[in-house]
Each structure stands twice: as C-alpha cells, then as structure tokens.
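**Q** Hey, dropping run11.cif in here, mmCIF, C-alpha atoms and all ligand atoms:
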```cif
data_upload
loop_
_atom_site.label_atom_id
_atom_site.label_comp_id
_atom_site.auth_asym_id
_atom_site.auth_seq_id
_atom_site.Cartn_x
_atom_site.Cartn_y
_atom_site.Cartn_z
CA MET A 30 21.10 -17.47 14.00
CA LEU A 31 21.78 -14.35 16.01
CA SER A 32 24.90 -15.74 17.70
CA GLN A 33 26.57 -16.01 14.29
CA ALA A 34 25.45 -12.64 12.94
CA LEU A 35 28.12 -10.89 10.90
CA PRO A 36 29.73 -7.84 12.51
CA VAL A 37 28.52 -4.47 11.28
CA VAL A 38 31.35 -2.72 9.45
CA SER A 39 31.11 1.02 8.97
CA LEU A 40 33.17 2.39 6.10
CA PRO A 41 34.36 5.97 5.86
CA GLY A 42 32.76 7.92 3.01
CA SER A 43 30.49 6.40 0.36
CA ALA A 44 30.36 2.81 -0.77
CA ILE A 45 31.94 2.44 -4.21
CA ILE A 46 30.94 0.39 -7.27
CA ASP A 47 33.32 0.29 -10.27
CA GLY A 48 35.21 3.22 -8.73
CA MET A 49 32.00 5.28 -8.60
CA PRO A 50 30.55 6.38 -5.23
CA ILE A 51 26.94 5.39 -4.53
CA VAL A 52 24.77 8.51 -4.33
CA GLY A 53 21.69 6.62 -3.23
CA HIS A 54 19.66 3.42 -3.26
CA GLY A 55 15.89 3.20 -3.64
CA ILE A 56 13.44 0.31 -3.67
CA ASP A 57 9.71 0.05 -4.31
CA ILE A 58 6.98 -2.56 -4.42
CA VAL A 59 3.77 -2.26 -6.42
CA GLU A 60 0.56 -4.30 -6.50
CA THR A 61 -0.01 -5.52 -10.05
CA THR A 62 -3.79 -5.17 -9.64
CA ARG A 63 -3.39 -1.49 -8.72
CA VAL A 64 -1.78 -0.79 -12.09
CA GLN A 65 -4.36 -2.96 -13.86
CA ARG A 66 -7.19 -1.01 -12.16
CA MET A 67 -5.71 2.32 -13.25
CA VAL A 68 -5.45 1.10 -16.85
CA GLU A 69 -9.03 -0.22 -16.78
CA GLU A 70 -10.35 3.03 -15.25
CA HIS A 71 -8.32 5.59 -17.20
CA GLY A 72 -7.18 3.67 -20.28
CA GLN A 73 -4.68 5.15 -22.71
CA ARG A 74 -4.60 8.48 -20.84
CA PHE A 75 -3.07 6.75 -17.79
CA LEU A 76 -0.71 4.67 -19.93
CA ASP A 77 0.59 7.74 -21.77
CA ARG A 78 0.98 9.76 -18.58
CA VAL A 79 3.07 7.09 -16.84
CA PHE A 80 4.77 4.92 -19.47
CA THR A 81 6.75 5.82 -22.59
CA PRO A 82 5.66 4.32 -25.94
CA ALA A 83 8.58 1.85 -25.76
CA GLU A 84 7.61 0.73 -22.24
CA GLN A 85 4.00 0.23 -23.33
CA ALA A 86 5.10 -1.71 -26.41
CA TYR A 87 7.37 -3.96 -24.33
CA ALA A 88 4.57 -4.82 -21.90
CA ALA A 89 2.04 -5.35 -24.70
CA ARG A 90 4.26 -7.99 -26.30
CA ASN A 91 3.23 -10.37 -23.52
CA PRO A 92 -0.50 -9.79 -22.88
CA LYS A 93 -0.63 -12.49 -20.20
CA ARG A 94 1.97 -10.67 -18.06
CA GLN A 95 1.36 -7.15 -19.36
CA TYR A 96 0.40 -5.71 -15.96
CA GLU A 97 3.39 -7.38 -14.29
CA HIS A 98 5.76 -5.70 -16.76
CA LEU A 99 3.99 -2.35 -16.28
CA ALA A 100 4.02 -2.73 -12.48
CA GLY A 101 7.76 -3.50 -12.62
CA ARG A 102 8.36 -0.30 -14.56
CA PHE A 103 6.14 1.64 -12.15
CA ALA A 104 8.23 0.31 -9.24
CA ALA A 105 11.45 1.21 -11.09
CA LYS A 106 10.29 4.80 -11.55
CA GLU A 107 9.45 5.10 -7.84
CA ALA A 108 12.80 3.53 -6.87
CA VAL A 109 14.71 6.05 -9.02
CA LEU A 110 12.73 8.91 -7.47
CA LYS A 111 13.82 7.68 -4.04
CA VAL A 112 17.45 7.93 -5.13
CA LEU A 113 16.87 11.46 -6.43
CA GLY A 114 15.35 12.23 -3.04
CA THR A 115 12.72 14.64 -4.32
CA GLY A 116 9.51 12.61 -4.38
CA TRP A 117 6.95 13.40 -7.09
CA ARG A 118 6.81 17.17 -7.31
CA GLY A 119 6.04 19.85 -9.85
CA GLY A 120 7.96 19.55 -13.08
CA ILE A 121 8.62 15.83 -12.76
CA ALA A 122 6.82 13.56 -15.22
CA TRP A 123 6.50 9.78 -14.83
CA THR A 124 7.91 9.43 -18.31
CA ASP A 125 11.08 11.29 -17.24
CA VAL A 126 12.22 7.86 -15.98
CA GLU A 127 12.24 5.26 -18.76
CA VAL A 128 13.14 1.59 -18.47
CA ILE A 129 14.83 0.29 -21.61
CA LYS A 130 16.20 -3.21 -22.24
CA GLU A 131 19.64 -4.49 -23.18
CA ALA A 132 19.78 -7.35 -25.68
CA SER A 133 20.34 -9.67 -22.69
CA GLY A 134 17.04 -8.56 -21.17
CA GLN A 135 18.76 -6.53 -18.48
CA PRO A 136 16.87 -3.32 -17.72
CA LYS A 137 18.54 0.09 -17.99
CA ILE A 138 17.39 3.53 -16.87
CA VAL A 139 17.21 6.56 -19.16
CA LEU A 140 16.33 9.92 -17.62
CA THR A 141 14.96 12.95 -19.39
CA GLY A 142 13.39 16.28 -18.37
CA GLU A 143 13.39 17.38 -14.73
CA CYS A 144 14.65 13.99 -13.50
CA ALA A 145 17.70 14.25 -15.76
CA ARG A 146 18.31 17.76 -14.45
CA ILE A 147 18.12 16.65 -10.78
CA ALA A 148 20.37 13.65 -11.47
CA GLY A 149 22.83 16.08 -13.08
CA THR A 150 22.93 18.25 -9.97
CA LEU A 151 23.67 15.09 -7.93
CA GLU A 152 26.36 14.15 -10.50
CA ILE A 153 24.75 10.74 -11.06
CA GLU A 154 26.28 9.28 -14.21
CA ARG A 155 25.29 5.64 -14.00
CA TRP A 156 22.31 3.61 -12.75
CA HIS A 157 21.96 0.02 -11.65
CA ILE A 158 18.37 -1.16 -11.79
CA SER A 159 16.83 -4.52 -10.99
CA ILE A 160 13.20 -5.54 -11.48
CA SER A 161 11.33 -8.63 -10.33
CA HIS A 162 7.65 -9.55 -10.55
CA ILE A 163 5.12 -12.25 -9.84
CA GLU A 164 1.41 -12.31 -10.64
CA THR A 165 0.45 -10.13 -7.67
CA HIS A 166 3.40 -7.81 -7.09
CA ALA A 167 6.39 -6.16 -8.76
CA THR A 168 9.45 -4.78 -7.08
CA ALA A 169 12.45 -2.76 -8.22
CA SER A 170 15.73 -1.56 -6.79
CA ALA A 171 17.76 1.37 -8.13
CA ILE A 172 21.28 2.55 -7.34
CA GLY A 173 22.63 5.85 -8.62
CA LEU A 174 26.40 6.21 -9.04
CA ARG A 175 28.38 9.45 -9.11
CA GLY A 176 30.87 10.03 -11.89
CA GLU A 177 34.37 8.73 -11.34
CA GLY A 178 36.63 11.05 -9.42
CA LYS A 179 33.83 13.39 -8.30
C1 LIG B 201 16.81 -12.75 -15.74
C2 LIG B 201 16.07 -13.84 -14.97
C3 LIG B 201 16.97 -14.31 -13.85
C4 LIG B 201 14.77 -13.28 -14.45
O1 LIG B 201 14.27 -14.07 -13.37
P1 LIG B 201 12.75 -14.54 -13.24
O2 LIG B 201 12.59 -15.11 -11.90
O3 LIG B 201 12.39 -15.30 -14.44
O4 LIG B 201 11.87 -13.20 -13.35
P2 LIG B 201 11.82 -11.93 -12.39
O5 LIG B 201 10.40 -11.52 -12.30
O6 LIG B 201 12.56 -12.11 -11.11
O7 LIG B 201 12.62 -10.87 -13.24
C5 LIG B 201 12.13 -10.38 -14.43
C6 LIG B 201 12.90 -9.15 -14.75
O8 LIG B 201 14.30 -9.46 -14.78
C7 LIG B 201 14.94 -8.48 -15.58
N1 LIG B 201 15.90 -9.16 -16.44
C8 LIG B 201 15.67 -9.91 -17.52
N2 LIG B 201 16.82 -10.35 -18.04
C9 LIG B 201 17.80 -9.86 -17.26
C10 LIG B 201 19.23 -9.96 -17.28
N3 LIG B 201 19.86 -10.64 -18.22
N4 LIG B 201 19.93 -9.32 -16.33
C11 LIG B 201 19.30 -8.61 -15.36
N5 LIG B 201 17.94 -8.48 -15.30
C12 LIG B 201 17.22 -9.11 -16.23
C13 LIG B 201 13.87 -7.79 -16.40
O9 LIG B 201 13.74 -6.47 -15.92
C14 LIG B 201 12.62 -8.60 -16.09
O10 LIG B 201 11.44 -7.84 -16.02
P3 LIG B 201 10.81 -7.18 -17.34
O11 LIG B 201 10.82 -8.22 -18.41
O12 LIG B 201 9.44 -6.77 -16.92
O13 LIG B 201 11.72 -6.02 -17.66
C15 LIG B 201 15.72 -15.05 -15.85
O14 LIG B 201 14.76 -14.64 -16.79
C16 LIG B 201 16.92 -15.57 -16.57
O15 LIG B 201 17.74 -16.28 -16.02
N6 LIG B 201 17.05 -15.22 -17.80
C17 LIG B 201 18.17 -15.67 -18.55
C18 LIG B 201 18.86 -14.46 -19.08
C19 LIG B 201 19.39 -14.87 -20.33
O16 LIG B 201 20.10 -15.84 -20.39
N7 LIG B 201 19.01 -14.10 -21.34
C20 LIG B 201 19.32 -14.42 -22.65
C21 LIG B 201 20.68 -13.92 -23.03
S1 LIG B 201 20.75 -13.65 -24.72
#
```
Can the structure in the file be given as structure tokens, please?
Ligand SMILES: CC(C)(COP(=O)(O)OP(=O)(O)OC[C@H]1O[C@@H](n2cnc3c(N)ncnc32)[C@H](O)[C@@H]1OP(=O)(O)O)[C@@H](O)C(=O)NCCC(=O)NCCS

**A**
Amino acid sequence: MLSQALPVVSLPGSAIIDGMPIVGHGIDIVETTRVQRMVEEHGQRFLDRVFTPAEQAYAARNPKRQYEHLAGRFAAKEAVLKVLGTGWRGGIAWTDVEVIKEASGQPKIVLTGECARIAGTLEIERWHISISHIETHATASAIGLRGEGK
C-alpha cells in the first residue's frame, strides 16, 4: 500500500552492525541446473576449480540436493565478490572464498589468497552470509563488516 509506505531515512556515514561499519552488501542468484550442467560436462576438474574439498564433501553428503548445496556456495562466492567490488579478475580463484558451517548449520565465510588480500585492504574483519535454495535456484547474500573503530 503506497499510501502507507515507510519514510526513507538517510543516515550519515555507514550503517553499523555490532559496532562495525558495513563495507558492502552483495547478493547473487544461481540456477541449480547450470551448476549441474558444468559438473556433468567438466566433472572433477570443474568441482576442484570452484569448490574446496570441504565444500564438495558437504554437498556430497546429500546426493539428492547436492547441486542445490553447490549452487548455494556458488552464489555465496559471487555475493562476496560483489562486496569486494573487484569482479572475477586475474589472481582471484573461486576457492579463495570458502563456505564453512557452524555446528548450528549456519554458514560462515573464510577467505584465502587474493580475496583475503583485497578484504584486508578494505579492512573487512567479519562477514555475514546467508544462503537459501530450492530445487531450481540458489541465492546468497553477503555483508562485509569493517573492524571496530576503523
Ligand atoms: C536454517 C533453516 C531456517 C533453513 O531454512 P530452509 O527453508 O529449510 O532452507 P533454505 O534453503 O532457505 O536454507 C538452507 C541454508 O540455510 C543455511 N542454514 C542452515 N542452518 C542455519 C542456521 N542455523 N542459521 C543460519 N543459516 C542456516 C545453510 O546455509 C543452508 O544451506 P546449505 O545447507 O546448503 O549450507 C532451517 O533449516 C531451520 O530452521 N533449521 C533449524 C536450525 C536448527 O535448529 N539447527 C539445529 C541446531 S543444533
């Protein structure tokens, strides 16, 4: 209902979570069948280029939804890249962005290589990541937070 739309509030400076300014937010959506096709066409070579051994093992635990889990991780990697603001460029490997799991099932992001270096230059010290998937699509949202007091 447009007449009851909330007013737009503009805040000075960055939005803050847990005292940490938001550096950026990225989202992505991936077709599950696209990932499945790549695996069927390129096999282990594609899996190893894009997903870490732990990510592959997690997805393989549930063969029925394996491609959903992989597509969710694919979307998470793209979402993180959007926060870093660089796009896929020389020196960046897909496996530089790894999705790991807390005991609760909550996903966490671990960066290595060039992605870790870029995140360091942006002073990103914490990530919030959320993944969701259905049979046909997976989506992910990533927020990068700058270290407290920076
Ligand atoms: C988390 C939950 C809301 C996911 O919703 P869903 O509609 O079933 O599934 P979605 O496709 O939207 O989301 C799945 C993704 O949610 C994420 N997820 C799982 N558990 C999560 C949690 N505790 N917190 C945040 N995200 C979580 C995962 O990334 C998962 O994808 P993945 O397995 O490929 O990594 C649902 O599974 C739930 O309520 N789980 C209960 C959590 C819980 O109680 N865990 C046990 C505690 S010991």

**Q** Wanna dump the chain A-ligand LIG 201 (chain B) contacts at 8 Å for me, each residue with its shortest atom pair and the distance in Å to one decimal, counting all atoms listed in the file, ordered by chain and number, as a Markdown table?

**A**
```
| residue | atom | partner | partner_atom | distance |
| --- | --- | --- | --- | --- |
| A:Ala88 | CA | B:LIG201 | O12 | 7.2 |
| A:Glu97 | CA | B:LIG201 | O12 | 6.6 |
| A:His98 | CA | B:LIG201 | O12 | 3.8 |
| A:Leu99 | CA | B:LIG201 | O12 | 7.0 |
| A:Gly101 | CA | B:LIG201 | O12 | 5.7 |
| A:Arg102 | CA | B:LIG201 | O12 | 7.0 |
| A:Val128 | CA | B:LIG201 | O13 | 7.8 |
| A:Lys130 | CA | B:LIG201 | O13 | 7.0 |
| A:Glu131 | CA | B:LIG201 | N3 | 7.9 |
| A:Ala132 | CA | B:LIG201 | S1 | 6.4 |
| A:Ser133 | CA | B:LIG201 | C21 | 4.3 |
| A:Gly134 | CA | B:LIG201 | N2 | 3.6 |
| A:Gln135 | CA | B:LIG201 | C10 | 3.7 |
| A:Pro136 | CA | B:LIG201 | O9 | 4.8 |
| A:Ser159 | CA | B:LIG201 | N5 | 6.0 |
| A:Ile160 | CA | B:LIG201 | O9 | 4.6 |
| A:Ser161 | CA | B:LIG201 | O5 | 3.6 |
| A:His162 | CA | B:LIG201 | O5 | 3.8 |
| A:Ile163 | CA | B:LIG201 | O5 | 5.9 |
| A:Ala167 | CA | B:LIG201 | O5 | 7.6 |
```

**Q** Give me, as a ChimeraX atom specification, all polymer residues having an atom no more than 8 Å from Lys106 of chain A, counting all atoms listed in the file and skipping those fewer than 6 positions away in the same chain.

**A** /A:123,126-127

**Q** Using atom CA of Ala169 of chain A and atom CA of Val139 of chain A as the two end points, give the distance in Å to one decimal.

**A**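 It comes out at 15.1 Å.
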
**Q** Would you mind listing, for every residue of segment 120-168 of chain A within 9 Å of segment 108-111 of chain A, the two atoms forming the shortest contact and the distance between them in Å to one decimal, using all atoms listed in the file, sorted by chain and ascending residue number, as a Markdown table?

**A**
```
| residue | atom | partner | partner_atom | distance |
| --- | --- | --- | --- | --- |
| A:Val126 | CA | A:Val109 | CA | 7.6 |
| A:Ile138 | CA | A:Val109 | CA | 8.7 |
| A:Cys144 | CA | A:Leu110 | CA | 8.1 |
| A:Trp156 | CA | A:Val109 | CA | 8.8 |
| A:Ile158 | CA | A:Val109 | CA | 8.5 |
| A:Thr168 | CA | A:Ala108 | CA | 9.0 |
```

**Q** Taking into account all atoms listed in the file, which residue in the set A:Thr115, A:Thr141, A:Asn91, A:Ser43 is nearest to Gly55 of chain A?

**A**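 When distances to Gly55 of chain A are compared using all atoms listed in the file, the smallest one comes from A:Thr115.
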
**Q** Name the residues, using the chain letters and numbers of the file, that sit within 9 Å of (9.0, 19.7, -12.7) when counting all atoms listed in the file, and give them as number ranges by chain.

**A** A: 117-122, 142-144

**Q** Give the answer as one residue: which of A:Leu140, A:Ile51, A:Ile129, A:Ile153 has the shortest atom-to-atom distance to Ala86 of chain A, using all atoms listed in the file?

**A**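 Using all atoms listed in the file, the shortest distance to Ala86 of chain A belongs to A:Ile129.
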
**Q** Excluding same-chain residues fewer than 5 positions from Gly176 of chain A, what lies within 8 Å of it counting only C-alpha atoms, as JSON, numbers by chain?

**A** {"A": [49, 50, 152, 153, 154, 155]}

**Q** In Å to one decimal, how far is atom CA of Val59 of chain A from atom CA of Ala105 of chain A?

**A**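 Taking atom CA of Ala105 of chain A and atom CA of Val59 of chain A, their separation equals 9.6 Å.
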